[in-house]
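Below is model-v3.cif, which holds mmCIF, C-alpha atoms.
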data_entry
#
loop_
_atom_site.label_atom_id
_atom_site.label_comp_id
_atom_site.auth_asym_id
_atom_site.auth_seq_id
_atom_site.Cartn_x
_atom_site.Cartn_y
_atom_site.Cartn_z
CA MET G 1 -13.87 22.89 -4.56
CA LYS G 2 -10.83 20.70 -4.03
CA VAL G 3 -10.96 17.67 -1.73
CA SER G 4 -7.71 16.19 -0.42
CA VAL G 5 -6.48 13.32 1.71
CA PHE G 6 -3.26 13.53 3.76
CA ILE G 7 -2.64 10.33 5.66
CA GLY G 8 0.00 7.97 7.00
CA THR G 9 -0.17 4.22 6.49
CA SER G 10 1.95 1.19 7.18
CA VAL G 11 3.63 -0.23 4.07
CA ASP G 12 0.90 -2.88 4.11
CA GLY G 13 -1.78 -0.20 3.90
CA PHE G 14 -3.23 0.17 7.39
CA ILE G 15 -4.00 3.54 8.97
CA ALA G 16 -4.59 2.06 12.45
CA ARG G 17 -4.53 -1.26 14.29
CA PRO G 18 -7.81 -3.23 14.46
CA ASN G 19 -8.63 -1.46 17.76
CA GLY G 20 -7.77 2.00 16.41
CA ASP G 21 -4.30 2.21 17.98
CA LEU G 22 -1.75 4.33 16.14
CA ASP G 23 1.29 3.10 18.07
CA PHE G 24 3.08 1.94 14.90
CA LEU G 25 3.28 5.52 13.62
CA PRO G 26 6.42 7.43 14.57
CA GLU G 27 6.00 9.51 17.72
CA GLY G 28 4.58 12.96 17.12
CA GLY G 29 3.90 12.04 13.49
CA GLY G 30 7.59 11.65 12.61
CA GLU G 31 9.85 14.30 11.18
CA PRO G 32 8.12 17.24 9.45
CA HIS G 33 6.83 16.01 6.10
CA GLY G 34 4.50 18.77 5.00
CA TYR G 35 1.47 18.38 7.24
CA ASN G 36 1.60 21.94 8.60
CA GLU G 37 1.95 23.39 5.10
CA PHE G 38 -0.87 21.17 3.88
CA ILE G 39 -3.32 22.00 6.64
CA ALA G 40 -2.56 25.72 6.35
CA GLY G 41 -4.23 25.63 2.93
CA VAL G 42 -7.32 23.75 4.07
CA ASP G 43 -10.65 25.45 4.85
CA ALA G 44 -12.41 22.57 6.58
CA ILE G 45 -11.73 19.03 7.72
CA VAL G 46 -14.27 16.25 7.28
CA ILE G 47 -14.01 13.16 9.48
CA GLY G 48 -16.24 10.33 10.67
CA ARG G 49 -17.31 9.50 14.19
CA LYS G 50 -14.61 6.85 14.71
CA THR G 51 -11.81 9.17 13.65
CA PHE G 52 -13.26 11.88 15.86
CA GLU G 53 -13.15 9.50 18.82
CA THR G 54 -9.58 8.42 17.98
CA VAL G 55 -8.45 12.02 17.61
CA LEU G 56 -9.88 12.85 21.04
CA THR G 57 -7.45 10.31 22.56
CA LEU G 58 -4.39 12.04 21.04
CA GLN G 59 -2.24 14.35 23.16
CA VAL G 60 -2.78 17.18 20.70
CA TRP G 61 -5.84 18.10 18.66
CA PRO G 62 -4.28 17.68 15.21
CA TYR G 63 -6.52 20.07 13.30
CA GLY G 64 -5.54 23.30 15.06
CA ASP G 65 -8.30 25.90 15.01
CA LYS G 66 -9.58 24.77 11.62
CA ARG G 67 -13.26 24.11 11.07
CA VAL G 68 -13.89 20.38 11.65
CA VAL G 69 -17.03 18.63 10.42
CA VAL G 70 -17.81 15.28 12.01
CA LEU G 71 -20.13 13.09 9.95
CA SER G 72 -22.54 11.18 12.13
CA SER G 73 -26.25 10.58 12.33
CA ARG G 74 -25.93 9.94 16.06
CA PRO G 75 -25.58 12.62 18.74
CA LEU G 76 -21.95 13.55 19.46
CA ASP G 77 -20.37 15.02 22.56
CA PHE G 78 -18.12 17.91 21.58
CA SER G 79 -17.37 19.00 25.15
CA PRO G 80 -13.93 17.28 25.27
CA VAL G 81 -12.74 19.29 22.26
CA ARG G 82 -10.35 22.06 23.35
CA GLY G 83 -9.75 24.92 20.99
CA GLY G 84 -11.14 23.34 17.84
CA ALA G 85 -14.19 24.55 15.90
CA VAL G 86 -16.24 21.37 15.59
CA GLU G 87 -19.67 20.86 14.10
CA GLN G 88 -21.77 17.88 13.05
CA MET G 89 -23.25 17.04 9.66
CA THR G 90 -24.95 14.05 8.16
CA GLY G 91 -25.63 13.04 4.58
CA PRO G 92 -24.01 11.57 1.49
CA PRO G 93 -20.55 12.86 0.48
CA ALA G 94 -21.78 14.96 -2.46
CA GLU G 95 -24.23 16.77 -0.18
CA ILE G 96 -21.53 17.44 2.42
CA VAL G 97 -19.27 18.90 -0.27
CA SER G 98 -22.12 21.08 -1.60
CA LYS G 99 -22.99 22.38 1.86
CA LEU G 100 -19.38 23.24 2.63
CA ALA G 101 -18.88 24.87 -0.77
CA ALA G 102 -22.01 26.97 -0.15
CA SER G 103 -20.55 28.09 3.17
CA GLY G 104 -17.38 29.33 1.46
CA ALA G 105 -14.94 26.41 1.75
CA HIS G 106 -12.59 25.90 -1.20
CA HIS G 107 -10.36 23.12 0.05
CA LEU G 108 -11.56 20.20 2.16
CA TYR G 109 -9.38 17.70 3.97
CA VAL G 110 -11.09 14.33 4.33
CA ASP G 111 -9.60 12.13 7.06
CA GLY G 112 -10.25 8.65 8.47
CA GLY G 113 -10.58 5.32 6.69
CA ILE G 114 -14.34 5.00 6.35
CA THR G 115 -14.85 8.62 5.31
CA ILE G 116 -11.96 8.56 2.82
CA GLN G 117 -13.37 5.37 1.30
CA ARG G 118 -16.88 6.86 1.02
CA PHE G 119 -15.57 10.00 -0.69
CA LEU G 120 -13.35 7.98 -3.04
CA ARG G 121 -16.26 5.74 -4.01
CA ALA G 122 -18.30 8.85 -4.73
CA GLY G 123 -15.52 10.18 -7.00
CA LEU G 124 -15.09 13.27 -4.83
CA ILE G 125 -11.38 13.12 -3.93
CA GLN G 126 -8.97 15.06 -6.18
CA ARG G 127 -5.69 14.79 -4.27
CA LEU G 128 -4.15 11.90 -2.34
CA ILE G 129 -1.06 12.48 -0.19
CA ILE G 130 -0.01 9.18 1.31
CA THR G 131 2.96 8.75 3.64
CA ARG G 132 4.20 5.21 4.06
CA VAL G 133 5.63 4.39 7.47
CA PRO G 134 8.34 1.69 7.21
CA VAL G 135 6.60 -1.15 9.00
CA LEU G 136 4.31 -4.09 8.21
CA ILE G 137 1.63 -4.57 10.88
CA GLY G 138 -0.31 -7.42 9.26
CA ASP G 139 -3.82 -6.35 10.23
CA GLY G 140 -5.80 -3.20 10.95
CA ILE G 141 -8.06 -0.54 9.49
CA PRO G 142 -7.26 -0.30 5.78
CA LEU G 143 -6.83 3.02 4.03
CA PHE G 144 -8.53 1.81 0.87
CA GLY G 145 -11.67 -0.20 0.20
CA ALA G 146 -13.89 -1.43 -2.61
CA LEU G 147 -14.52 0.87 -5.57
CA PRO G 148 -17.19 0.87 -8.27
CA ARG G 149 -14.41 1.10 -10.89
CA ASP G 150 -10.66 1.69 -11.24
CA LEU G 151 -9.44 5.14 -10.26
CA ARG G 152 -6.42 6.12 -12.33
CA LEU G 153 -3.97 8.31 -10.44
CA ARG G 154 -1.50 10.89 -11.72
CA HIS G 155 1.74 10.88 -9.76
CA LEU G 156 2.81 14.39 -8.79
CA ALA G 157 5.73 13.98 -6.41
CA THR G 158 7.43 11.55 -4.05
CA GLN G 159 9.80 12.43 -1.25
CA HIS G 160 11.52 10.28 1.31
CA TYR G 161 12.81 11.24 4.72
CA PRO G 162 15.70 10.05 6.90
CA SER G 163 13.40 8.07 9.23
CA GLY G 164 12.15 6.05 6.24
CA LEU G 165 8.87 7.87 5.62
CA VAL G 166 7.98 7.92 1.91
CA LYS G 167 5.40 10.51 0.89
CA SER G 168 3.70 10.30 -2.51
CA GLU G 169 1.24 12.80 -3.92
CA TYR G 170 -1.30 11.85 -6.57
CA ASP G 171 -4.16 13.49 -8.37
CA VAL G 172 -7.16 11.30 -9.11
CA ALA G 173 -7.06 11.38 -12.90
CA GLU G 174 -10.70 10.81 -13.77
CA MET D 1 21.40 -16.63 1.77
CA LYS D 2 19.48 -13.51 0.82
CA VAL D 3 15.78 -13.66 -0.05
CA SER D 4 14.19 -10.79 -1.99
CA VAL D 5 10.82 -9.71 -3.32
CA PHE D 6 10.47 -7.51 -6.43
CA ILE D 7 6.86 -6.82 -7.23
CA GLY D 8 4.41 -4.29 -8.63
CA THR D 9 1.19 -3.37 -6.84
CA SER D 10 -1.64 -0.94 -7.28
CA VAL D 11 -1.53 1.98 -4.84
CA ASP D 12 -4.21 0.11 -2.87
CA GLY D 13 -1.91 -2.89 -2.51
CA PHE D 14 -3.13 -5.47 -5.02
CA ILE D 15 -0.78 -7.54 -7.18
CA ALA D 16 -3.59 -8.89 -9.39
CA ARG D 17 -7.35 -8.64 -9.86
CA PRO D 18 -9.50 -11.19 -8.01
CA ASN D 19 -9.32 -13.50 -11.08
CA GLY D 20 -5.53 -13.10 -11.43
CA ASP D 21 -5.67 -10.53 -14.26
CA LEU D 22 -2.76 -8.09 -14.45
CA ASP D 23 -4.39 -5.68 -16.91
CA PHE D 24 -4.00 -2.70 -14.55
CA LEU D 25 -0.21 -2.96 -14.75
CA PRO D 26 1.44 -0.88 -17.48
CA GLU D 27 2.01 -2.82 -20.69
CA GLY D 28 5.29 -4.75 -20.77
CA GLY D 29 5.83 -3.93 -17.08
CA GLY D 30 6.17 -0.17 -17.71
CA GLU D 31 9.38 1.72 -18.32
CA PRO D 32 12.59 0.04 -17.14
CA HIS D 33 12.72 0.28 -13.36
CA GLY D 34 15.46 -2.15 -12.42
CA TYR D 35 13.92 -5.56 -12.96
CA ASN D 36 16.61 -6.76 -15.37
CA GLU D 37 19.39 -5.61 -13.04
CA PHE D 38 17.60 -7.21 -10.10
CA ILE D 39 17.02 -10.58 -11.73
CA ALA D 40 20.58 -10.70 -13.06
CA GLY D 41 21.73 -11.02 -9.43
CA VAL D 42 19.29 -13.78 -8.52
CA ASP D 43 20.20 -17.48 -8.42
CA ALA D 44 16.73 -18.97 -8.19
CA ILE D 45 13.11 -17.88 -8.24
CA VAL D 46 10.53 -19.39 -5.90
CA ILE D 47 6.85 -19.13 -6.82
CA GLY D 48 3.60 -20.88 -5.99
CA ARG D 49 1.29 -22.83 -8.26
CA LYS D 50 -1.06 -19.91 -8.90
CA THR D 51 1.73 -17.57 -9.90
CA PHE D 52 3.16 -20.30 -12.12
CA GLU D 53 -0.21 -20.61 -13.88
CA THR D 54 -0.51 -16.82 -14.24
CA VAL D 55 3.02 -16.53 -15.59
CA LEU D 56 2.24 -19.18 -18.22
CA THR D 57 -0.46 -16.86 -19.62
CA LEU D 58 2.02 -13.99 -20.16
CA GLN D 59 3.45 -13.33 -23.62
CA VAL D 60 6.99 -13.66 -22.28
CA TRP D 61 8.37 -15.99 -19.62
CA PRO D 62 9.53 -13.30 -17.16
CA TYR D 63 12.26 -15.28 -15.44
CA GLY D 64 14.60 -15.76 -18.44
CA ASP D 65 16.73 -18.88 -18.15
CA LYS D 66 16.95 -18.63 -14.36
CA ARG D 67 16.24 -21.64 -12.18
CA VAL D 68 12.55 -21.51 -11.16
CA VAL D 69 11.17 -23.52 -8.25
CA VAL D 70 7.40 -23.97 -8.15
CA LEU D 71 6.05 -24.85 -4.72
CA SER D 72 3.19 -27.31 -4.95
CA SER D 73 2.22 -30.60 -3.40
CA ARG D 74 0.14 -31.41 -6.50
CA PRO D 75 1.52 -32.66 -9.84
CA LEU D 76 2.42 -29.81 -12.22
CA ASP D 77 2.63 -29.77 -16.00
CA PHE D 78 5.88 -28.09 -17.05
CA SER D 79 5.47 -28.86 -20.77
CA PRO D 80 4.18 -25.33 -21.67
CA VAL D 81 7.36 -23.74 -20.26
CA ARG D 82 9.64 -22.61 -23.10
CA GLY D 83 13.28 -21.96 -22.33
CA GLY D 84 13.01 -21.82 -18.53
CA ALA D 85 14.60 -24.24 -16.08
CA VAL D 86 11.65 -25.22 -13.90
CA GLU D 87 11.46 -27.70 -11.07
CA GLN D 88 8.98 -28.53 -8.32
CA MET D 89 9.46 -28.55 -4.56
CA THR D 90 7.19 -28.86 -1.57
CA GLY D 91 7.68 -28.03 2.09
CA PRO D 92 7.74 -25.14 4.55
CA PRO D 93 9.62 -21.97 3.57
CA ALA D 94 12.62 -22.62 5.86
CA GLU D 95 13.11 -26.04 4.29
CA ILE D 96 12.92 -24.62 0.76
CA VAL D 97 15.54 -22.00 1.64
CA SER D 98 17.80 -24.69 3.18
CA LYS D 99 17.51 -26.94 0.15
CA LEU D 100 18.30 -24.12 -2.25
CA ALA D 101 21.21 -22.92 -0.12
CA ALA D 102 22.58 -26.48 -0.08
CA SER D 103 22.39 -26.53 -3.88
CA GLY D 104 24.52 -23.40 -4.13
CA ALA D 105 21.96 -20.56 -4.38
CA HIS D 106 22.89 -17.30 -2.63
CA HIS D 107 20.05 -15.02 -3.66
CA LEU D 108 16.44 -16.14 -3.98
CA TYR D 109 13.63 -14.15 -5.56
CA VAL D 110 10.27 -15.02 -4.02
CA ASP D 111 7.30 -14.06 -6.19
CA GLY D 112 3.50 -14.29 -5.95
CA GLY D 113 1.17 -13.18 -3.18
CA ILE D 114 0.67 -16.40 -1.27
CA THR D 115 4.34 -17.39 -1.40
CA ILE D 116 5.55 -13.91 -0.44
CA GLN D 117 3.14 -13.91 2.52
CA ARG D 118 4.29 -17.38 3.66
CA PHE D 119 7.96 -16.36 3.52
CA LEU D 120 7.28 -13.04 5.30
CA ARG D 121 5.37 -14.82 8.07
CA ALA D 122 8.31 -17.19 8.45
CA GLY D 123 10.69 -14.22 8.80
CA LEU D 124 12.67 -15.30 5.74
CA ILE D 125 12.49 -12.19 3.52
CA GLN D 126 15.38 -9.71 3.81
CA ARG D 127 14.67 -7.31 0.95
CA LEU D 128 11.39 -5.86 -0.35
CA ILE D 129 11.33 -3.92 -3.63
CA ILE D 130 7.82 -2.66 -4.20
CA THR D 131 6.76 -0.66 -7.24
CA ARG D 132 3.46 1.19 -6.90
CA VAL D 133 1.47 1.54 -10.10
CA PRO D 134 -0.63 4.75 -10.06
CA VAL D 135 -4.11 3.24 -9.93
CA LEU D 136 -6.65 2.13 -7.32
CA ILE D 137 -8.42 -1.09 -8.34
CA GLY D 138 -10.54 -1.61 -5.22
CA ASP D 139 -10.28 -5.40 -4.99
CA GLY D 140 -7.87 -8.20 -5.86
CA ILE D 141 -5.09 -10.41 -4.59
CA PRO D 142 -3.27 -8.48 -1.85
CA LEU D 143 0.51 -8.31 -1.66
CA PHE D 144 0.52 -8.49 2.12
CA GLY D 145 -1.32 -10.62 4.64
CA ALA D 146 -1.50 -11.41 8.34
CA LEU D 147 1.73 -11.53 10.34
CA PRO D 148 2.60 -13.05 13.71
CA ARG D 149 4.12 -9.68 14.73
CA ASP D 150 5.13 -6.30 13.30
CA LEU D 151 7.98 -6.36 10.81
CA ARG D 152 9.98 -3.14 11.01
CA LEU D 153 11.43 -2.09 7.67
CA ARG D 154 14.52 -0.05 6.89
CA HIS D 155 14.01 2.25 3.91
CA LEU D 156 16.91 2.04 1.47
CA ALA D 157 15.84 3.98 -1.60
CA THR D 158 12.83 5.33 -3.47
CA GLN D 159 12.71 6.31 -7.11
CA HIS D 160 9.87 7.53 -9.25
CA TYR D 161 9.48 7.33 -13.00
CA PRO D 162 7.77 9.51 -15.60
CA SER D 163 4.82 7.10 -15.98
CA GLY D 164 4.09 7.46 -12.26
CA LEU D 165 5.68 4.26 -11.01
CA VAL D 166 7.15 4.70 -7.52
CA LYS D 167 9.67 2.06 -6.49
CA SER D 168 10.72 1.72 -2.84
CA GLU D 169 13.34 -0.65 -1.48
CA TYR D 170 13.33 -1.82 2.11
CA ASP D 171 15.28 -4.24 4.24
CA VAL D 172 13.32 -6.15 6.84
CA ALA D 173 14.94 -4.80 10.00
CA GLU D 174 14.48 -7.71 12.38
#

Spell out the structure here as structure tokens.
Amino acid sequence: MKVSVFIGTSVDGFIARPNGDLDFLPEGGGEPHGYNEFIAGVDAIVIGRKTFETVLTLQVWPYGDKRVVVLSSRPLDFSPVRGGAVEQMTGPPAEIVSKLAASGAHHLYVDGGITIQRFLRAGLIQRLIITRVPVLIGDGIPLFGALPRDLRLRHLATQHYPSGLVKSEYDVAE
Amino acid sequence: MKVSVFIGTSVDGFIARPNGDLDFLPEGGGEPHGYNEFIAGVDAIVIGRKTFETVLTLQVWPYGDKRVVVLSSRPLDFSPVRGGAVEQMTGPPAEIVSKLAASGAHHLYVDGGITIQRFLRAGLIQRLIITRVPVLIGDGIPLFGALPRDLRLRHLATQHYPSGLVKSEYDVAE
């Protein structure tokens, strides 16, 4: 099982404003920078309740018809979801990965700040694809959080785009 | 007057550990990635007291024989400095820039988290050169802090290096 992150952040490391707004991201996600190719190779997407609620406010459901697992111990209303295959799970990251592996998933995409941080702390992320949007917003929901120890990364590739997006791919080395 | 930042951070945005340690940076600053060329074009370096104290613990004084201005309202002991031209100033960022411009400086290098953040908040930084070191450390002294408003950046160039350093240069657009 491979677990990946593909996310955009401000240069100062925020994935959303304090209230969840994404207005500092380029419209429509900016010029193509590999998201479609990335998500084509993903079997399931794992997000938290807050990201689920943010995603519901977007014009387009960004996960296509992929299997989406929302982590929450509270009841969730999936009725606003159009076209997506959404289910709910609860439990620690290792258990979620095991369950999804048992159901045939080989490549998970973990999205949303809290969920990414939980999976990183649990040592369960193998691939980080981070796209820096050329702006400093000063405050917001950070991509990264506390860790039990350093996580060494192995740089795989960096590309930049005319609008100023800079995408770097890393493997978590240990 | 042009004011620049040239700094290394972990991928999660820290320029030092909580206690000021820089042990997560590659030894000797990593492979050459333009620091010597950058500093050759600088007339004066502006740092805060904490950065001054951290720099004193390094094996090598990193600023060569360049003019270094330490911002502090408290008395400072410059006797441990070997070979550098160090002086003290105090005052708000705009005043420091004016004083240095009046004394003939055309290009300032602002270094250290607190000082960089003060100058960014004051809208006085034109150029950001940020080198990401491939590691997540989870906690530390952040490069960036709160801002009165968004600062749009203009991406100029990104280079990556065999060790995994990724250096991006930006102009502050407004």

Taking the file as I've supplied it (selection: the PyMOL selection byres ((chain D and resi 87) around 9)), which residues are included? Please answer as number ranges by chain. D: 67-71, 78, 85-86, 88-89

Exercise: Pro134 in chain D partners within 10 Å, all atoms listed in the file, chain neighbours under 6 positions left out, as a VMD selection string: (chain G and resid 151 to 155 170 to 173) or (chain D and resid 9 to 12 24 to 26 163 to 166)

Would you list the contacts of His33 in chain G as a list in words, taking every protein, DNA or RNA residue within 12 Å and counting only C-alpha atoms, but skipping same-chain residues closer than 5 positions in sequence?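 Answer for this query is Phe6, Ile7, Gly8, Gly28, Phe38, Ile39, Ile129, Ile130, Thr131, Arg132, Val133, Thr158, Gln159, His160, Tyr161, Pro162, Ser163, Gly164, Leu165, Val166, Lys167, Ser168 and Glu169 of chain G.
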
Counting all atoms listed in the file, which residues have an atom no more than 10 Å from (-12.3, 2.4, 3.4) in the file's coordinates? Please list them as an MDAnalysis selection string. (chainID G and resid 112:121 141:147) or (chainID D and resid 138)

What is the distance between CA of Ile47 in chain D and CA of Asp111 in chain D, in Å to one decimal?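 About the pair CA of Ile47 in chain D and CA of Asp111 in chain D: they are 5.1 Å apart.
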
Mind checking which residues fall within 12 Å of Asp77 in chain D, counting all atoms listed in the file, ignoring those fewer than 2 positions away in the same chain, and posting them as a short mmCIF file (atom, residue, chain, number, x, y, z; two decimals) with C-alpha atoms, keeping the file's coordinate frame?
data_model
loop_
_atom_site.label_atom_id
_atom_site.label_comp_id
_atom_site.auth_asym_id
_atom_site.auth_seq_id
_atom_site.Cartn_x
_atom_site.Cartn_y
_atom_site.Cartn_z
CA ARG D 49 1.29 -22.83 -8.26
CA PHE D 52 3.16 -20.30 -12.12
CA GLU D 53 -0.21 -20.61 -13.88
CA LEU D 56 2.24 -19.18 -18.22
CA VAL D 70 7.40 -23.97 -8.15
CA SER D 72 3.19 -27.31 -4.95
CA ARG D 74 0.14 -31.41 -6.50
CA PRO D 75 1.52 -32.66 -9.84
CA SER D 79 5.47 -28.86 -20.77
CA PRO D 80 4.18 -25.33 -21.67
CA VAL D 81 7.36 -23.74 -20.26
CA VAL D 86 11.65 -25.22 -13.90
CA GLU D 87 11.46 -27.70 -11.07
CA GLN D 88 8.98 -28.53 -8.32
#

Point-to-point distance in Å for CA of Ala44 in chain D and CA of His106 in chain D: 8.5 Å

Using all atoms listed in the file, determine which residues lie at most 12 Å from Ala40 in chain G, disregarding the query and same-chain residues fewer than 5 positions distant; provide the list as a CSV table (one decimal) with C-alpha atoms, keeping the file's coordinate frame.
chain,number,residue,atom,x,y,z
G,34,GLY,CA,4.5,18.8,5.0
G,35,TYR,CA,1.5,18.4,7.2
G,45,ILE,CA,-11.7,19.0,7.7
G,63,TYR,CA,-6.5,20.1,13.3
G,64,GLY,CA,-5.5,23.3,15.1
G,65,ASP,CA,-8.3,25.9,15.0
G,66,LYS,CA,-9.6,24.8,11.6
G,67,ARG,CA,-13.3,24.1,11.1
G,107,HIS,CA,-10.4,23.1,0.0
G,108,LEU,CA,-11.6,20.2,2.2
G,109,TYR,CA,-9.4,17.7,4.0

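The interatomic distance for the pair CA of Arg82 in chain G and CA of Thr51 in chain G works out to 16.2 Å.
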
Taking the structure I provided as the source, export range 24-47 of chain D with N, CA and C atoms, as a compact mmCIF listing (two decimals), in the first residue's frame.
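See decode_12.txt below for the written result:
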# COMPACT_ATOMS: atom_id res chain seq x y z
N PHE D 24 19.51 20.35 11.69
CA PHE D 24 18.78 19.68 10.59
C PHE D 24 19.21 20.22 9.22
N LEU D 25 19.96 21.31 9.22
CA LEU D 25 20.48 21.82 7.95
C LEU D 25 21.65 20.95 7.53
N PRO D 26 21.89 20.83 6.21
CA PRO D 26 23.05 20.03 5.79
C PRO D 26 24.33 20.69 6.29
N GLU D 27 25.33 19.87 6.58
CA GLU D 27 26.60 20.39 7.11
C GLU D 27 27.22 21.40 6.16
N GLY D 28 27.74 22.48 6.72
CA GLY D 28 28.39 23.51 5.90
C GLY D 28 27.43 24.25 4.99
N GLY D 29 26.11 24.08 5.22
CA GLY D 29 25.12 24.78 4.40
C GLY D 29 24.72 24.00 3.16
N GLY D 30 25.26 22.77 3.01
CA GLY D 30 24.92 21.96 1.83
C GLY D 30 25.79 22.33 0.64
N GLU D 31 25.49 21.72 -0.50
CA GLU D 31 26.25 22.04 -1.71
C GLU D 31 26.05 23.51 -2.07
N PRO D 32 26.99 24.09 -2.83
CA PRO D 32 26.84 25.50 -3.21
C PRO D 32 25.49 25.73 -3.89
N HIS D 33 24.75 26.69 -3.42
CA HIS D 33 23.46 27.00 -4.05
C HIS D 33 23.25 28.51 -4.15
N GLY D 34 24.37 29.23 -4.33
CA GLY D 34 24.26 30.64 -4.68
C GLY D 34 24.47 31.63 -3.55
N TYR D 35 24.80 31.13 -2.37
CA TYR D 35 24.95 32.06 -1.25
C TYR D 35 26.12 33.02 -1.47
N ASN D 36 27.25 32.50 -1.93
CA ASN D 36 28.42 33.36 -2.13
C ASN D 36 28.15 34.45 -3.17
N GLU D 37 27.49 34.05 -4.26
CA GLU D 37 27.14 35.01 -5.31
C GLU D 37 26.16 36.05 -4.76
N PHE D 38 25.20 35.56 -3.97
CA PHE D 38 24.22 36.47 -3.39
C PHE D 38 24.89 37.50 -2.48
N ILE D 39 25.69 37.00 -1.55
CA ILE D 39 26.24 37.91 -0.53
C ILE D 39 27.27 38.86 -1.14
N ALA D 40 27.87 38.45 -2.25
CA ALA D 40 28.82 39.35 -2.92
C ALA D 40 28.15 40.63 -3.38
N GLY D 41 26.83 40.57 -3.65
CA GLY D 41 26.12 41.74 -4.14
C GLY D 41 25.42 42.54 -3.05
N VAL D 42 25.69 42.19 -1.80
CA VAL D 42 25.01 42.82 -0.67
C VAL D 42 25.93 43.87 -0.05
N ASP D 43 25.35 45.01 0.37
CA ASP D 43 26.15 46.05 1.01
C ASP D 43 26.14 45.95 2.52
N ALA D 44 25.04 45.47 3.08
CA ALA D 44 24.96 45.37 4.54
C ALA D 44 23.96 44.30 4.91
N ILE D 45 24.20 43.68 6.06
CA ILE D 45 23.35 42.61 6.56
C ILE D 45 22.68 43.11 7.84
N VAL D 46 21.38 42.87 7.93
CA VAL D 46 20.62 43.32 9.10
C VAL D 46 20.08 42.09 9.80
N ILE D 47 20.44 41.91 11.06
CA ILE D 47 19.96 40.76 11.84
C ILE D 47 19.50 41.22 13.21
